[in-house]
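Following: one structure in structure tokens, then a few remarks.
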Number of protein chains: 2
Amino acid sequence: MGDQIGQIVNGKLIFIPFEEFERVRKSNISYLNKLEVISSLSRINVLYMIANAGSGHLGSSFSSMEIMTLFVSKMNTQEKKSNTPVFFSSKGHDAPALYSVMIASGLIEFSMIHKLRRLNGLPGHPDVLTPGIVANTGSLGMGVSKAKGMIFADRQNKIKKNYYVLTGDGELQEGQFWESLISAKNYEMGELTVIIDHNKLQSDSFVSNVSDLGDLEAKLKAFGWKVFRIDGNDMASLINAIDEADKISNIPKVIIADTVKGKGVTFMEHTSLDSDVDYYKFHSGAPNEDNYKLAVSELLDKAENQFKTLGLENLNYDFVTRPMITITESVKSNKLVNAYSETLIKEAEKNSKILALDADLILDTGLIQFKEKFPDRFIECGIAEQDMVSIAGGIALKGFLPIVHSFSCFLSSRPNEQIYNNSTERTKVLYVGSLAGLIPAGPGHSHQAVRDIASVSSCPDLIMFEPCCEEETKKGVEWAINKSSTSVYIRLVSVPVTLPFKWNMTNLIPGVGSFLRNGTEVLIISYGPLMLKHAFEVAEKLEAEKGISVAVLNHPWLNYFDINYLSEIINKFQYIFTIDNHYYEGGIGQKINALLTNRNSKVSIKNIFINGIPVSGQIDEVLEFHKLDTLSISNMILQDYNHESSK
Amino acid sequence: MGDQIGQIVNGKLIFIPFEEFERVRKSNISYLNKLEVISSLSRINVLYMIANAGSGHLGSSFSSMEIMTLFVSKMNTQEKKSNTPVFFSSKGHDAPALYSVMIASGLIEFSMIHKLRRLNGLPGHPDVLTPGIVANTGSLGMGVSKAKGMIFADRQNKIKKNYYVLTGDGELQEGQFWESLISAKNYEMGELTVIIDHNKLQSDSFVSNVSDLGDLEAKLKAFGWKVFRIDGNDMASLINAIDEADKISNIPKVIIADTVKGKGVTFMEHTSLDSDVDYYKFHSGAPNEDNYKLAVSELLDKAENQFKTLGLENLNYDFVTRPMITITESVKSNKLVNAYSETLIKEAEKNSKILALDADLILDTGLIQFKEKFPDRFIECGIAEQDMVSIAGGIALKGFLPIVHSFSCFLSSRPNEQIYNNSTERTKVLYVGSLAGLIPAGPGHSHQAVRDIASVSSCPDLIMFEPCCEEETKKGVEWAINKSSTSVYIRLVSVPVTLPFKWNMTNLIPGVGSFLRNGTEVLIISYGPLMLKHAFEVAEKLEAEKGISVAVLNHPWLNYFDINYLSEIINKFQYIFTIDNHYYEGGIGQKINALLTNRNSKVSIKNIFINGIPVSGQIDEVLEFHKLDTLSISNMILQDYNHESSK
């Protein structure tokens, strides 16, 4: 599930044009060879798409490439009928592989190759709005269940049709996967074949290091499924296994496809790593320039050799030239996860009661140094958020302070009942949800936490806090650990943000915010680095261009307010705006509106927030789409300002 | 998890006093015999407690009685040291068994025997506020995870201590259970022993009918655990198995304890049922008077025989006499689940696209008739809510209309991420969460859905609706199926309520409520039968006693409002009150406040809602505790009325 912010590759990015795939398909080489060549070429396009997008999951796109190629071919070569088999990936983060072969086969328009993780392009995880995509996946563990639903529907229609669902191996740590096995067997779902892309590595490291799956074959057999095991990067074995599986019609089947993560590029292949390696570098995030060049050259060499061996004419490729971008790490760029990480370690040095729990996102949640420094106080739970949160509950009951980590989209929802259950035990647990809010939008709606405040903030005795800068993160973590008597959920924006303001508070007081900018007419209330940066820029812009005096209040307390404090502030302004990096429902805009409903004043509060299902794309285009960019916010404020002034 | 409203038994209710347990313990019969006798006597007390409470889980309290007796004895006979083993039940609904032996052994004050499911008594599911209870359970699947957390904490303290966790067998359908097995093995948790109360029946029927567990031993072995299998109602076998398990210190252990649901009372024992029986009658809900008398007489006979055989003097028992209560089923008593059930069938007759999904609560969610009438359109998912909701997602993608059922406490939280994922596919799914709100409060906070609106209402394109009477339920279901273009979550109060008002609307319009009572000064806005009944009674009372004219507006739309409609209504009153059967956070009070924040009027809106962790108890005492009874609400309104009038 990892979704690190990627690198930017400058210069020439190579891709294989549609015509080359057509040439291969029309050649007189065997069906098997065609599939093998298409896999090779598609790897070049996957590398292109991810390097071009600046993020994406290389490792498992490469490991699953043969599987993707075969199934897209099966779907495409048969005339579409009511019983044409259906294939989709449950893990979803291998979407670049799926897209690249769908593009190569004409199922998705070729120009989309340039639009991975772009607005109106191909989202980071699959979405049914893309032609040929049958289910929204990327939230792990749901795929098998969805296929079962489709099979129940087919059975109503008296249609017998096969479903093939690709899963990850790390994904098998999710409880829903095991739930889904039980009734598939009981309902005799011979229509269903699961293919496990068993590439041995999950987000952070080897599956066996994170949460060993043990004897996977025995487990799956014990659940009553028919189990096959093959080399999943060998096309002939794959074809054969699927043929064998198709012959069995009364029980569900699972093919453990042993694959190599990063397959095709030697230095990305997990088999080139020592088994005790700490972290795999190519799960998510684009390659840097050097790695890109090495990788593309190896992939091109291999493909050219294949062409030669098979008697095909020389391979042609195309390229785009990306403008040189000099990325100078801004000194002011705020990385909250880093600040979190450092503060956590400082606190843990003083307080031996602190234990940190993680669900396979150690790279993204900032726990590497903690784990290195306090290996005995770090608990890797695997991709099993419900188990993790209840483990934390048990730890808290024994007087320790568990700190639970994941992406906020997952942490707020997958173990939602478990968080409430912990609350009812009146213990103190800290939850740290990173990747909070709309941005990064590359991964798409499965990873965009835009309803996490709503789903968690009603838990009794739980305060939600979102800092706006490194310093506030530090203070917030110190407060949560040392001062707060209740559980705390810290919501962290993961993208680095260069802030135009300075935050300066010596002490945090729950329910009390801080002014980042003074003003007299308009007040903007928001939280977190991204929205506050925009709020601040809006303020500067309106003052410079229109002479309007705009104050910006940072209110990091997401479900805890002081009515007197807020009333007093609000009474000083004529125009009040809240900005939420969240839906209106459950956001601070709604909460502040509600709190101040009886203020008996003529001053209106207007709310700016995320509307609709969040789109996937680059930061600027997504902010603009959701009208959360500086210009859109300015215009909204101005419209209201002018409207009121003209009354 | 089933929690039907129970029967009331009138007349003499028999229990075994503390002194009799003491006499057994001090006698010279063997340790084994003592445990057996205590089990027999405790069954009488379990029957007493449940009959006295009017609800509770008989079947699994009886099946687990030997296990409970043994472990309470193990905890009690050893001097409490830092390494005294810990035992708790994960399923939690067997709490009456645990309480009865804890009471018998003096761990819980004896007078508590009369206070099952009563305020300041013993909650329906375990709570750490009760002495000797170590974890809040009852939300299934969390127990093993919690024990793991405690073990991690012990390891920090360099303490080696054994944990014994009792689970149900139906509970094993929860994904979290399987999640929890994986890391217990990897962390070599020899401290952990799980005992499965394998009584073959879950809430509705035989586990094998609901969602067969298949070869349970093979499954558990495949997860790397050491597996034992014994007769769990045979004390000697139990003692032996635990001794054997204790000898293994490097891997977690599981004892499959084959037990008999309802053990001890012939007609309650599942072995007396045909295996194709549809529903087991003694999972939850108290026995009726005839059954109580039969059962207690059999249990007494058995215990007296045991005493005789072992050479103990005659058994003495005590009793309380419950006043005769004639329950006349009121004609006006509204049963929303029944109305739901009937409407669903009528709609399903017309619309073959409707499929109903259930998670082992067919008795409680009103699906029995549907299943009988449309067996092919009913999908029993077992206690696997995440799987169920994603199955529904798959069904909806194929153009069918899936209707998903569970208790609202579970449905809103366990599959929270799955509901959002379905939303992102822009399909229509109906969710029906029964047992909504504070009441019944017998089962305790794990079953009280008081934050379900908060956790679900932020899902895009999802409308939440709560009807107040049978007729509105009917209209609401018709609207949700035939008119709504979005997904709908129907929140249903499960307790029958005798309504003092008549609801009369021909058509439902989203965002538009209905007046149940007219008035001119005070307006109360609420929803659902229970709160509206109180609102109505408050209105009558205030008008009769104080001459205040109070209107009552039913607003069944929980996250969908029409600002113009509401503004217009509100402007006609001087005092506005909202009443939520929910927390303030996410409730309609907060939502209406927020919506009307810019109303620019001197009229205040006051919110009445549930505060704090909901308590367990009888309806009236719990409503009073949470200040949601007629008197408390009247006083709150009056206080405000007088305060404002005196200004």
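The way I read the labels, and the way they are meant: chains A, B, ... in the order of the structure tokens, residue 1 as the first residue of every chain, and ligand 1 as the first ligand shown, with later ones counted on from there.
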
- request: Per DSSP on the backbone, filter stretch 167-386 of chain A down to the residues in alpha helix (DSSP H) and report them as a PyMOL selection string.
  value: chain A and resi 175-186+207-211+216-222+235-247+289-309+336-350+362-365+368-373+385-386

message: Could you list, as a ChimeraX atom specification, every residue within 7 Å of stretch 559-563 of chain A, counting only C-alpha atoms and ignoring same-chain residues fewer than 2 positions away?
response: /A:457,463-464,510-512,557,565-567,595

field: Non-local contacts of A:Arg517 (8 Å; only C-alpha atoms; under 2 positions in same chain excluded) as a list of chain:residue names
entry: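 In the requested format, the answer is A:Phe501, A:Phe515, A:Gly519, A:Phe536, A:Val550, A:Ala551, A:Val552, A:Leu553.
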
query: When you draw a straight line from atom CA of A:Leu35 to atom CA of A:Asp301, how long is it in Å?
result: 17.8 Å

- request: Can you pull out every residue within 9 Å of stretch 208-215 of chain B, counting only C-alpha atoms, but drop anything in the same chain fewer than 3 positions away, and send it as a ChimeraX atom specification?
  value: /A:182-183,185-186,222-224 /B:169-170,172-173,200-202,204-205,218-220,275-276,278,359-360,380-383

task: Based on DSSP run over this structure's backbone, return all residues of stretch 454-489 of chain B in strand (DSSP E), as a ChimeraX atom specification.
output: /B:462-465,487-489

Using N, CA, C and O atoms, can you write the selected residues to a file as a PDB file, in the first residue's frame?
```
ATOM      1  N   LEU B 462     -24.600   8.879  -0.388  1.00  0.00           N
ATOM      2  CA  LEU B 462     -25.271   7.929   0.499  1.00  0.00           C
ATOM      3  C   LEU B 462     -26.181   8.715   1.431  1.00  0.00           C
ATOM      4  O   LEU B 462     -25.737   9.641   2.113  1.00  0.00           O
ATOM      5  N   ILE B 463     -27.465   8.370   1.418  1.00  0.00           N
ATOM      6  CA  ILE B 463     -28.434   9.049   2.273  1.00  0.00           C
ATOM      7  C   ILE B 463     -28.801   8.140   3.432  1.00  0.00           C
ATOM      8  O   ILE B 463     -29.074   6.953   3.239  1.00  0.00           O
ATOM      9  N   MET B 464     -28.785   8.702   4.636  1.00  0.00           N
ATOM     10  CA  MET B 464     -29.193   7.923   5.810  1.00  0.00           C
ATOM     11  C   MET B 464     -30.614   8.318   6.207  1.00  0.00           C
ATOM     12  O   MET B 464     -30.949   9.499   6.255  1.00  0.00           O
ATOM     13  N   PHE B 465     -31.393   7.302   6.538  1.00  0.00           N
ATOM     14  CA  PHE B 465     -32.817   7.505   6.792  1.00  0.00           C
ATOM     15  C   PHE B 465     -33.220   6.687   8.003  1.00  0.00           C
ATOM     16  O   PHE B 465     -32.885   5.514   8.107  1.00  0.00           O
ATOM     17  N   SER B 487     -27.142   5.382  -2.908  1.00  0.00           N
ATOM     18  CA  SER B 487     -27.191   4.373  -1.856  1.00  0.00           C
ATOM     19  C   SER B 487     -27.940   4.934  -0.652  1.00  0.00           C
ATOM     20  O   SER B 487     -27.982   6.148  -0.446  1.00  0.00           O
ATOM     21  N   VAL B 488     -28.534   4.039   0.110  1.00  0.00           N
ATOM     22  CA  VAL B 488     -29.292   4.462   1.289  1.00  0.00           C
ATOM     23  C   VAL B 488     -28.898   3.574   2.469  1.00  0.00           C
ATOM     24  O   VAL B 488     -28.713   2.365   2.308  1.00  0.00           O
ATOM     25  N   TYR B 489     -28.745   4.191   3.622  1.00  0.00           N
ATOM     26  CA  TYR B 489     -28.519   3.452   4.867  1.00  0.00           C
ATOM     27  C   TYR B 489     -29.770   3.663   5.727  1.00  0.00           C
ATOM     28  O   TYR B 489     -30.053   4.782   6.142  1.00  0.00           O
TER      29      TYR B 489
END
```

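The residue set within 6 Å of A:Tyr583, counting only C-alpha atoms and dropping same-chain residues fewer than 4 places from it, reads Val450, Gly587, Phe609 and Ile610 of chain A.
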
Counting only C-alpha atoms, the residue of B:Ile248, B:Ile16, B:Val134, B:Leu492 that sits nearest chain A: B:Val134

message: Env of B:Asn199: 8 Å cut, atoms = only C-alpha atoms, seq-sep filter 4 positions within chain, self excluded. Answer as JSON, numbers by chain.
response: {"B": [60, 63, 168, 169, 258, 259, 260, 261]}

Write the residues of the preceding selection, restricted to all heavy atoms, as a PDB file, in the first residue's frame.
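Everything below was put into out-v6.pdb:
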```pdb
ATOM      1  N   SER B  60     -24.845 -20.221  24.843  1.00  0.00           N
ATOM      2  CA  SER B  60     -23.394 -20.303  24.943  1.00  0.00           C
ATOM      3  C   SER B  60     -22.895 -20.073  26.359  1.00  0.00           C
ATOM      4  O   SER B  60     -21.753 -20.386  26.668  1.00  0.00           O
ATOM      5  CB  SER B  60     -22.718 -19.343  23.945  1.00  0.00           C
ATOM      6  OG  SER B  60     -23.231 -18.060  24.097  1.00  0.00           O
ATOM      7  N   SER B  63     -22.946 -23.732  27.252  1.00  0.00           N
ATOM      8  CA  SER B  63     -21.925 -24.553  26.583  1.00  0.00           C
ATOM      9  C   SER B  63     -20.536 -24.293  27.166  1.00  0.00           C
ATOM     10  O   SER B  63     -19.703 -25.192  27.213  1.00  0.00           O
ATOM     11  CB  SER B  63     -21.930 -24.305  25.070  1.00  0.00           C
ATOM     12  OG  SER B  63     -21.469 -23.010  24.751  1.00  0.00           O
ATOM     13  N   GLY B 168     -15.870 -17.928  20.394  1.00  0.00           N
ATOM     14  CA  GLY B 168     -16.950 -18.739  19.864  1.00  0.00           C
ATOM     15  C   GLY B 168     -16.478 -19.460  18.618  1.00  0.00           C
ATOM     16  O   GLY B 168     -15.341 -19.284  18.172  1.00  0.00           O
ATOM     17  N   ASP B 169     -17.338 -20.264  18.024  1.00  0.00           N
ATOM     18  CA  ASP B 169     -16.964 -20.860  16.739  1.00  0.00           C
ATOM     19  C   ASP B 169     -17.506 -20.026  15.580  1.00  0.00           C
ATOM     20  O   ASP B 169     -16.828 -19.801  14.592  1.00  0.00           O
ATOM     21  CB  ASP B 169     -17.327 -22.340  16.624  1.00  0.00           C
ATOM     22  CG  ASP B 169     -18.737 -22.681  17.084  1.00  0.00           C
ATOM     23  OD1 ASP B 169     -19.534 -21.756  17.378  1.00  0.00           O
ATOM     24  OD2 ASP B 169     -19.049 -23.878  17.174  1.00  0.00           O
ATOM     25  N   ASP B 258     -15.071 -29.180  21.968  1.00  0.00           N
ATOM     26  CA  ASP B 258     -16.398 -29.552  21.457  1.00  0.00           C
ATOM     27  C   ASP B 258     -17.387 -29.482  22.605  1.00  0.00           C
ATOM     28  O   ASP B 258     -17.262 -30.197  23.596  1.00  0.00           O
ATOM     29  CB  ASP B 258     -16.353 -30.973  20.882  1.00  0.00           C
ATOM     30  CG  ASP B 258     -15.621 -31.003  19.554  1.00  0.00           C
ATOM     31  OD1 ASP B 258     -16.041 -30.279  18.628  1.00  0.00           O
ATOM     32  OD2 ASP B 258     -14.614 -31.735  19.434  1.00  0.00           O
ATOM     33  N   THR B 259     -18.345 -28.604  22.467  1.00  0.00           N
ATOM     34  CA  THR B 259     -19.320 -28.438  23.550  1.00  0.00           C
ATOM     35  C   THR B 259     -20.734 -28.564  22.981  1.00  0.00           C
ATOM     36  O   THR B 259     -20.932 -28.629  21.773  1.00  0.00           O
ATOM     37  CB  THR B 259     -19.186 -27.054  24.204  1.00  0.00           C
ATOM     38  OG1 THR B 259     -19.377 -26.066  23.188  1.00  0.00           O
ATOM     39  CG2 THR B 259     -17.831 -26.865  24.846  1.00  0.00           C
ATOM     40  N   VAL B 260     -21.670 -28.583  23.896  1.00  0.00           N
ATOM     41  CA  VAL B 260     -23.075 -28.672  23.502  1.00  0.00           C
ATOM     42  C   VAL B 260     -23.739 -27.347  23.845  1.00  0.00           C
ATOM     43  O   VAL B 260     -23.704 -26.912  25.001  1.00  0.00           O
ATOM     44  CB  VAL B 260     -23.765 -29.835  24.241  1.00  0.00           C
ATOM     45  CG1 VAL B 260     -25.264 -29.835  23.953  1.00  0.00           C
ATOM     46  CG2 VAL B 260     -23.141 -31.157  23.841  1.00  0.00           C
ATOM     47  N   LYS B 261     -24.266 -26.684  22.836  1.00  0.00           N
ATOM     48  CA  LYS B 261     -24.961 -25.419  23.094  1.00  0.00           C
ATOM     49  C   LYS B 261     -26.189 -25.723  23.956  1.00  0.00           C
ATOM     50  O   LYS B 261     -26.921 -26.674  23.683  1.00  0.00           O
ATOM     51  CB  LYS B 261     -25.363 -24.742  21.788  1.00  0.00           C
ATOM     52  CG  LYS B 261     -25.825 -23.300  21.982  1.00  0.00           C
ATOM     53  CD  LYS B 261     -25.312 -22.375  20.909  1.00  0.00           C
ATOM     54  CE  LYS B 261     -25.806 -20.952  21.077  1.00  0.00           C
ATOM     55  NZ  LYS B 261     -25.208 -20.022  20.102  1.00  0.00           N
TER      56      LYS B 261
END
```

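With only C-alpha atoms as the atoms that count, the residue of B:Gly106, B:Pro614, B:Gly264, B:Gly311 with the shortest distance to B:His447 is B:Pro614.
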
- request: Find the residues around A:Met505 up to 10 Å (only C-alpha atoms counted), leave out those fewer than 5 positions away in its own chain, and share them as a list of chain:residue names.
  value: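 Near neighbours after the sequence-gap exclusion: A:Glu471, A:Glu472, A:Lys475, A:Gly513, A:Ser514, A:Phe515.
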
Using only C-alpha atoms, please write the residues we just selected to a file, as a PDB file, in the first residue's frame.
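So the final result, stored in result_24.pdb, reads:
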```pdb
ATOM      1  CA  GLU A 471       7.425  22.647  14.793  1.00  0.00           C
ATOM      2  CA  GLU A 472       3.735  22.196  15.467  1.00  0.00           C
ATOM      3  CA  LYS A 475       4.714  20.205  19.918  1.00  0.00           C
ATOM      4  CA  GLY A 513      -5.526  28.010  17.537  1.00  0.00           C
ATOM      5  CA  SER A 514      -2.852  30.430  16.403  1.00  0.00           C
ATOM      6  CA  PHE A 515      -2.859  33.327  13.997  1.00  0.00           C
TER       7      PHE A 515
END
```

query: Restricting the calculation to only C-alpha atoms, which member of B:Val432, B:Val477, B:Leu216, B:Ala303 is positioned closest to B:Val24?
result: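 Of the candidates, the smallest distance to B:Val24 is held by B:Ala303.
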
query: atom CA of A:Thr69 and atom CA of A:Gly141 are how many Å apart?
result: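 Taking atom CA of A:Thr69 as the start and atom CA of A:Gly141 as the end point, the length is 22.5 Å.
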
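Proximity of A:Glu289, A:Asp234, A:Glu540, A:Asp154 to A:Leu13, computed with only C-alpha atoms, is greatest for A:Glu289.
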
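In terms of minimum interatomic distance to chain A, B:Thr137 ranks closest within B:Gln639, B:Ser632, B:Asn240, B:Thr137, counting only C-alpha atoms.
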